[in-house]
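Source file: run_31.tsv. Holds: TSV, C-alpha atoms.
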chain	number	residue	atom	x	y	z
A	16	MET	CA	73.35	124.88	81.87
A	17	GLN	CA	71.40	123.34	79.00
A	18	SER	CA	71.72	125.20	75.73
A	19	VAL	CA	70.41	124.77	72.19
A	20	SER	CA	71.81	126.47	69.11
A	21	ARG	CA	70.09	127.35	65.88
A	22	GLN	CA	72.50	125.12	63.97
A	23	GLU	CA	71.85	122.13	66.25
A	24	ILE	CA	68.15	122.23	65.48
A	25	LEU	CA	68.58	122.69	61.74
A	26	ALA	CA	71.20	119.95	61.51
A	27	ALA	CA	68.55	117.37	62.42
A	28	ALA	CA	66.08	118.55	59.76
A	29	SER	CA	65.28	116.44	56.74
A	30	GLN	CA	65.54	118.04	53.30
A	31	ASP	CA	61.74	117.94	52.88
A	32	SER	CA	61.03	119.90	56.05
A	33	ARG	CA	64.12	122.10	56.17
A	34	GLU	CA	62.61	125.20	54.58
A	35	THR	CA	59.66	125.39	56.98
A	36	LEU	CA	61.75	124.47	60.01
A	37	GLU	CA	64.41	127.01	59.10
A	38	ARG	CA	61.79	129.76	58.88
A	39	ILE	CA	60.38	128.88	62.30
A	40	VAL	CA	63.78	128.58	63.95
A	41	ASP	CA	65.03	131.81	62.40
A	42	GLN	CA	61.95	133.64	63.66
A	43	VAL	CA	62.62	132.43	67.20
A	44	TYR	CA	66.31	133.31	67.32
A	45	LEU	CA	65.72	136.69	65.65
A	46	SER	CA	63.27	137.38	68.48
A	47	LEU	CA	66.04	136.99	71.08
A	48	ARG	CA	68.18	140.11	71.11
A	49	GLN	CA	71.07	140.84	73.45
A	50	MET	CA	72.41	144.32	74.11
A	51	HIS	CA	76.19	144.50	74.50
A	52	VAL	CA	77.44	147.35	76.68
A	53	SER	CA	80.98	148.50	77.37
A	54	GLY	CA	81.91	151.42	79.61
A	55	GLY	CA	78.26	152.37	79.95
A	56	THR	CA	77.84	152.67	76.17
A	57	VAL	CA	75.80	150.33	73.98
A	58	GLN	CA	78.17	148.74	71.49
A	59	ASP	CA	75.59	146.71	69.56
A	60	ILE	CA	72.34	144.76	69.77
A	61	ALA	CA	72.55	141.32	68.20
A	62	SER	CA	70.20	138.37	67.79
A	63	LEU	CA	71.27	135.23	69.59
A	64	GLU	CA	72.47	132.09	67.82
A	65	VAL	CA	72.40	130.00	71.01
A	66	TRP	CA	69.81	129.98	73.78
A	67	THR	CA	71.07	128.91	77.21
A	68	HIS	CA	68.97	128.17	80.27
A	69	ARG	CA	69.37	131.06	82.71
A	70	ALA	CA	70.63	130.80	86.27
A	71	PRO	CA	69.22	133.21	88.90
A	72	ALA	CA	72.48	135.18	88.87
A	73	GLU	CA	71.85	136.12	85.21
A	74	ILE	CA	68.30	137.40	85.57
A	75	GLU	CA	69.03	140.97	86.66
A	76	ALA	CA	71.38	141.46	83.69
A	77	ASP	CA	68.74	140.03	81.36
A	78	LEU	CA	66.18	142.49	82.68
A	79	ALA	CA	68.53	145.25	81.55
A	80	TYR	CA	70.07	143.82	78.38
A	81	LEU	CA	67.91	141.00	76.96
A	82	GLU	CA	64.92	141.65	74.71
A	83	ILE	CA	62.49	138.83	73.90
A	84	ASP	CA	59.76	139.46	71.34
A	85	ARG	CA	57.18	137.15	72.92
A	86	GLN	CA	54.56	137.71	70.23
A	87	ALA	CA	56.99	136.69	67.50
A	88	VAL	CA	57.96	133.57	69.47
A	89	LEU	CA	54.29	132.71	69.98
A	90	ARG	CA	53.60	133.09	66.25
A	91	SER	CA	56.48	130.72	65.56
A	92	LEU	CA	55.12	128.24	68.10
A	93	SER	CA	51.69	128.38	66.49
A	94	GLU	CA	53.18	127.49	63.11
A	95	TYR	CA	55.31	124.78	64.72
A	96	LEU	CA	52.28	123.17	66.37
A	97	GLU	CA	50.49	123.08	63.02
A	98	ASN	CA	53.39	121.08	61.54
A	99	GLN	CA	53.72	118.07	63.83
A	100	PRO	CA	56.21	116.21	61.58
A	101	LEU	CA	58.72	119.01	62.36
A	102	ALA	CA	58.74	118.19	66.08
A	103	THR	CA	62.15	117.78	67.71
A	104	LYS	CA	62.95	117.65	71.41
A	105	ARG	CA	65.42	120.53	71.08
A	106	LEU	CA	62.89	122.85	69.48
A	107	ASP	CA	60.24	121.71	71.96
A	108	TRP	CA	62.60	122.64	74.78
A	109	LEU	CA	63.51	125.96	73.16
A	110	PHE	CA	59.88	127.07	73.06
A	111	LEU	CA	59.21	125.82	76.58
A	112	ASN	CA	62.31	127.46	78.03
A	113	VAL	CA	62.11	130.76	76.18
A	114	LEU	CA	58.41	131.34	76.78
A	115	THR	CA	58.42	130.52	80.49
A	116	TYR	CA	61.49	132.70	80.98
A	117	ALA	CA	60.03	135.54	78.89
A	118	GLU	CA	56.81	135.42	80.91
A	119	TYR	CA	58.71	135.45	84.19
A	120	ILE	CA	60.97	138.43	83.41
A	121	ALA	CA	58.07	140.35	81.86
A	122	THR	CA	56.07	139.81	85.06
A	123	VAL	CA	59.02	140.91	87.21
A	124	ALA	CA	59.47	144.02	85.07
A	125	GLU	CA	55.78	144.95	85.17
A	126	ILE	CA	55.56	144.57	88.95
A	127	ARG	CA	58.70	146.62	89.50
A	128	LYS	CA	57.45	149.39	87.21
A	129	LYS	CA	54.22	149.61	89.21
A	130	LEU	CA	56.09	149.64	92.53
A	131	LEU	CA	58.92	151.96	91.55
A	132	GLY	CA	57.50	154.01	88.70
A	133	VAL	CA	58.98	153.80	85.22
A	134	GLU	CA	61.77	156.35	85.81
A	135	ARG	CA	62.98	154.76	89.04
A	136	TYR	CA	62.63	151.30	87.47
A	137	VAL	CA	64.93	152.25	84.58
A	138	LYS	CA	67.50	153.74	86.96
A	139	HIS	CA	67.22	150.58	89.06
A	140	LEU	CA	68.31	148.45	86.06
A	141	PHE	CA	71.76	149.98	85.56
A	142	PRO	CA	74.19	148.67	86.50
A	143	PRO	CA	72.52	145.27	86.89
A	144	ARG	CA	72.80	143.50	90.23
A	145	THR	CA	74.70	140.24	90.41
A	146	GLU	CA	72.06	138.66	92.66
A	147	HIS	CA	68.44	138.33	91.60
A	148	ILE	CA	65.97	140.04	93.94
A	149	VAL	CA	63.14	137.61	94.65
A	150	ASP	CA	61.54	139.53	97.55
A	151	ILE	CA	59.75	142.64	96.27
A	152	SER	CA	59.57	144.12	99.77
A	153	LEU	CA	63.30	144.80	99.42
A	154	LEU	CA	62.45	147.16	96.55
A	155	THR	CA	59.70	149.02	98.38
A	156	LYS	CA	61.47	149.79	101.65
A	157	ARG	CA	61.87	153.50	102.29
A	158	VAL	CA	64.13	154.89	105.01
A	159	TRP	CA	61.56	157.63	105.68
A	160	HIS	CA	58.66	155.27	106.46
A	161	ALA	CA	59.44	154.87	110.18
A	162	PRO	CA	60.24	158.54	110.88
A	163	ALA	CA	57.18	159.65	108.89
A	164	SER	CA	54.95	157.26	110.82
A	165	LEU	CA	56.31	158.53	114.15
A	166	GLY	CA	55.77	162.09	112.96
A	167	VAL	CA	52.13	161.39	112.09
A	168	VAL	CA	51.53	159.84	115.51
A	169	ALA	CA	53.22	162.74	117.29
A	170	VAL	CA	51.19	165.37	115.38
A	171	THR	CA	47.87	163.60	115.93
A	172	PHE	CA	48.68	163.13	119.64
A	173	ALA	CA	49.38	166.86	119.94
A	174	ILE	CA	45.97	167.61	118.38
A	175	HIS	CA	44.14	165.04	120.50
A	176	PRO	CA	45.34	161.81	122.17
A	177	ALA	CA	42.40	159.88	120.71
A	178	LEU	CA	43.50	160.81	117.20
A	179	SER	CA	46.87	159.21	117.80
A	180	VAL	CA	45.13	155.89	118.54
A	181	VAL	CA	43.32	156.12	115.19
A	182	ALA	CA	46.57	157.05	113.45
A	183	VAL	CA	48.40	154.07	114.96
A	184	ALA	CA	45.56	151.76	113.87
A	185	CYS	CA	45.57	153.15	110.32
A	186	LEU	CA	49.35	152.96	110.03
A	187	GLY	CA	49.32	149.42	111.40
A	188	TYR	CA	46.69	148.31	108.89
A	189	ALA	CA	48.57	149.97	106.03
A	190	SER	CA	51.74	148.13	107.06
A	191	TYR	CA	49.87	144.83	107.29
A	192	ALA	CA	48.28	145.38	103.85
A	193	ARG	CA	51.68	146.14	102.28
A	194	LYS	CA	53.21	143.01	103.78
A	195	ARG	CA	50.27	140.83	102.74
A	196	SER	CA	50.42	142.17	99.19
A	197	ALA	CA	54.18	141.57	99.09
A	198	ARG	CA	53.71	137.97	100.27
A	199	GLN	CA	51.13	137.32	97.56
A	200	ILE	CA	53.31	138.80	94.82
A	201	ASN	CA	56.37	136.95	96.10
A	202	ALA	CA	54.42	133.68	96.03
A	203	VAL	CA	53.55	134.17	92.36
A	204	LEU	CA	57.08	135.18	91.38
A	205	ASN	CA	58.64	132.30	93.29
A	206	ALA	CA	56.25	129.82	91.68
A	207	MET	CA	57.10	131.15	88.22
A	208	LEU	CA	60.83	131.11	88.90
A	209	HIS	CA	60.71	127.58	90.32
A	210	THR	CA	58.79	126.46	87.24
A	211	TYR	CA	61.33	127.97	84.87
A	212	LEU	CA	64.35	126.63	86.74
A	213	SER	CA	62.94	123.09	86.54
A	214	PHE	CA	63.25	123.14	82.74
A	215	ASN	CA	67.03	122.80	82.54
A	216	THR	CA	67.14	119.76	80.24
A	217	VAL	CA	65.94	118.93	76.74
A	218	ASP	CA	64.93	115.48	77.99
A	219	VAL	CA	61.75	116.71	79.61
A	220	SER	CA	58.91	114.60	80.93
A	221	TRP	CA	55.79	116.24	79.52
A	222	SER	CA	53.63	114.92	82.34
A	223	ALA	CA	56.05	116.56	84.80
A	224	VAL	CA	56.01	119.77	82.75
A	225	GLU	CA	52.22	119.83	82.86
A	226	ALA	CA	52.22	119.21	86.62
A	227	VAL	CA	54.67	121.99	87.44
A	228	LEU	CA	52.85	124.46	85.17
A	229	GLU	CA	49.56	123.61	86.85
A	230	ARG	CA	51.04	123.98	90.35
A	231	SER	CA	52.41	127.40	89.53
A	232	ARG	CA	49.08	128.41	87.99
A	233	GLU	CA	47.37	127.47	91.24
A	234	SER	CA	49.75	129.93	92.96
A	235	GLY	CA	48.60	132.70	90.65
A	236	ALA	CA	51.09	132.39	87.77
A	237	ILE	CA	49.76	133.14	84.29
A	238	TRP	CA	51.23	131.31	81.30
A	239	ASP	CA	50.29	131.66	77.67
A	240	ALA	CA	47.77	129.08	76.49
A	241	SER	CA	50.12	128.06	73.67
A	242	LEU	CA	52.42	126.44	76.23
A	243	PHE	CA	49.59	124.17	77.34
A	244	SER	CA	48.85	123.40	73.68
A	245	LEU	CA	52.47	122.30	73.26
A	246	VAL	CA	52.25	120.13	76.39
A	247	ALA	CA	48.96	118.57	75.29
A	248	GLN	CA	50.31	117.78	71.83
A	249	ARG	CA	53.47	116.17	73.18
A	250	ARG	CA	51.63	114.21	75.84
A	251	GLY	CA	49.37	112.86	73.12
A	252	HIS	CA	52.30	111.14	71.42
Let me see the structure of the file written as structure tokens.
Amino acid sequence: MQSVSRQEILAAASQDSRETLERIVDQVYLSLRQMHVSGGTVQDIASLEVWTHRAPAEIEADLAYLEIDRQAVLRSLSEYLENQPLATKRLDWLFLNVLTYAEYIATVAEIRKKLLGVERYVKHLFPPRTEHIVDISLLTKRVWHAPASLGVVAVTFAIHPALSVVAVACLGYASYARKRSARQINAVLNAMLHTYLSFNTVDVSWSAVEAVLERSRESGAIWDASLFSLVAQRRGH
């Protein structure tokens, strides 16, 4: 997996630009904090020195143990875009990779909180799964759904057979609505994940980056406008 370290970026800086570049780079890496846990106990929380492109198998652990201060990263990007002479492909890639990943895991977390409730969501995080769940319907299945539905039909039939027909229709529509909603959410999450996974090299084609961001946006993905500002600036060179 592609990775970029703080030292790699700073090593390429000229003496004239080093102070500004160092401030920007430090802000980014200080915004990436990893929790280290042993035996169920937090040992420490440390800022990263190296950012590595994530594989799907790492996402669930990151949801539990990785903290990305997106606003701090966006402030750093804003300053970076105002200083075009500082541009390097490694720092370009760092912003692109970190911000698309941060947006994806934040979206995953928000959707799961709404589906599970905050308390169940937190319990769901620990211990992290080794396989990333990309189908949200797997999180919303309840073993009591089928028995409860049968119970409702049985009760309404006992009251009046016609009521059971209405109950079946209502339950059927509710099931259809849940599945349709799950498909729509899954489409957005899959588009975002596919977009992120395509950025596993510092040698990016900015026209290709723009195309994949636009395709995912058409599927419902929402990316920060600063990413498009970065793309536009790099495509203009």
*What would the list of residues within 8 Å of (65.4, 148.3, 81.1) (file frame) look like as a ChimeraX atom specification, if only C-alpha atoms are what count?*
/A:78-80,136-137,140-141
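For the pair CA of Arg230 in chain A and CA of Thr210 in chain A, the separation is 8.7 Å.
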*When distances are computed from all atoms listed in the file, which of A:Leu101, A:Ala206, A:Ile83, A:Ile151 shows the smallest separation from Gln49 in chain A?*
A:Ile83
*Find the residue from A:Ala124, A:Leu96, A:Val43, A:Ala240 that sits nearest to Asp84 in chain A; use all atoms listed in the file when measuring.*
A:Val43
*Residue contacts of Ala70 in chain A (10 Å, only C-alpha atoms) excluding same-chain residues fewer than 5 positions away, as an MDAnalysis selection string*: chainID A and resid 16 147 211:212 215
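With only C-alpha atoms as the atoms that count, the residue of A:Gln42, A:Asn98, A:Ser244, A:Thr103 with the shortest distance to Ala27 in chain A is A:Thr103.
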So which residues touch Arg38 in chain A within 12 Å, counting all atoms listed in the file, skipping near sequence neighbours fewer than 5 positions away, as a PDB file with C-alpha atoms, keeping the file's coordinate frame?
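The new file out-v9.pdb reads:
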ATOM      1  CA  ARG A  21      70.090 127.350  65.880  1.00  0.00           C
ATOM      2  CA  ILE A  24      68.150 122.230  65.480  1.00  0.00           C
ATOM      3  CA  LEU A  25      68.580 122.690  61.740  1.00  0.00           C
ATOM      4  CA  SER A  32      61.030 119.900  56.050  1.00  0.00           C
ATOM      5  CA  ARG A  33      64.120 122.100  56.170  1.00  0.00           C
ATOM      6  CA  VAL A  43      62.620 132.430  67.200  1.00  0.00           C
ATOM      7  CA  TYR A  44      66.310 133.310  67.320  1.00  0.00           C
ATOM      8  CA  LEU A  45      65.720 136.690  65.650  1.00  0.00           C
ATOM      9  CA  VAL A  88      57.960 133.570  69.470  1.00  0.00           C
ATOM     10  CA  ARG A  90      53.600 133.090  66.250  1.00  0.00           C
ATOM     11  CA  SER A  91      56.480 130.720  65.560  1.00  0.00           C
ATOM     12  CA  LEU A  92      55.120 128.240  68.100  1.00  0.00           C
ATOM     13  CA  GLU A  94      53.180 127.490  63.110  1.00  0.00           C
ATOM     14  CA  TYR A  95      55.310 124.780  64.720  1.00  0.00           C
ATOM     15  CA  LEU A 101      58.720 119.010  62.360  1.00  0.00           C
TER      16      LEU A 101
END
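Excluding Ile237 in chain A and any residue on its chain fewer than 2 positions from it, the residues at most 12 Å away by all atoms listed in the file are Leu114, Thr115, Ala117, Glu118, Tyr119, Ala121, Thr122, Val203, Leu204, Ala206, Met207, Thr210, Leu228, Glu229, Arg230, Ser231, Arg232, Glu233, Ser234, Gly235, Asp239, Ala240, Ser241, Leu242 and Phe243 of chain A.
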Expected file contents, prior selection, C-alpha atoms, as a short mmCIF file (atom, residue, chain, number, x, y, z; two decimals), in the frame of the given file:
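Dumped to again_35.cif:
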data_model
loop_
_atom_site.label_atom_id
_atom_site.label_comp_id
_atom_site.auth_asym_id
_atom_site.auth_seq_id
_atom_site.Cartn_x
_atom_site.Cartn_y
_atom_site.Cartn_z
CA LEU A 114 58.41 131.34 76.78
CA THR A 115 58.42 130.52 80.49
CA ALA A 117 60.03 135.54 78.89
CA GLU A 118 56.81 135.42 80.91
CA TYR A 119 58.71 135.45 84.19
CA ALA A 121 58.07 140.35 81.86
CA THR A 122 56.07 139.81 85.06
CA VAL A 203 53.55 134.17 92.36
CA LEU A 204 57.08 135.18 91.38
CA ALA A 206 56.25 129.82 91.68
CA MET A 207 57.10 131.15 88.22
CA THR A 210 58.79 126.46 87.24
CA LEU A 228 52.85 124.46 85.17
CA GLU A 229 49.56 123.61 86.85
CA ARG A 230 51.04 123.98 90.35
CA SER A 231 52.41 127.40 89.53
CA ARG A 232 49.08 128.41 87.99
CA GLU A 233 47.37 127.47 91.24
CA SER A 234 49.75 129.93 92.96
CA GLY A 235 48.60 132.70 90.65
CA ASP A 239 50.29 131.66 77.67
CA ALA A 240 47.77 129.08 76.49
CA SER A 241 50.12 128.06 73.67
CA LEU A 242 52.42 126.44 76.23
CA PHE A 243 49.59 124.17 77.34
#
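Of the residues listed (A:Thr216, A:Asn205, A:Asn112, A:Gln99), A:Asn205 shows the shortest atom-to-atom separation from Asp150 in chain A; distances use all atoms listed in the file.
Coordinates place CA of Glu146 in chain A at a distance of 25.8 Å from CA of Phe110 in chain A.
Here CA of Asp41 in chain A stands at a distance of 14.7 Å from CA of Asp107 in chain A.
Using all atoms listed in the file for every distance, the candidate list A:Leu153, A:Ile126, A:Leu106, A:Ala236 yields A:Leu106 as the residue closest to Asp218 in chain A.
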*Tell me, as an MDAnalysis selection string, which residues lie within 10 Å of Ile148 in chain A, counting only C-alpha atoms; anything in the same chain fewer than 5 positions away does not count.*
chainID A and resid 71:72 74:75 123 153:154
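Of the listed residues (A:Ser222, A:Gln22, A:Asn201, A:Thr35), A:Thr35 comes nearest to Ala102 in chain A; the distances count all atoms listed in the file.
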*Write out as a count of residues only the residues lying within 9 Å of Ser213 in chain A, counting only C-alpha atoms and excluding same-chain residues fewer than 4 positions away.*
4
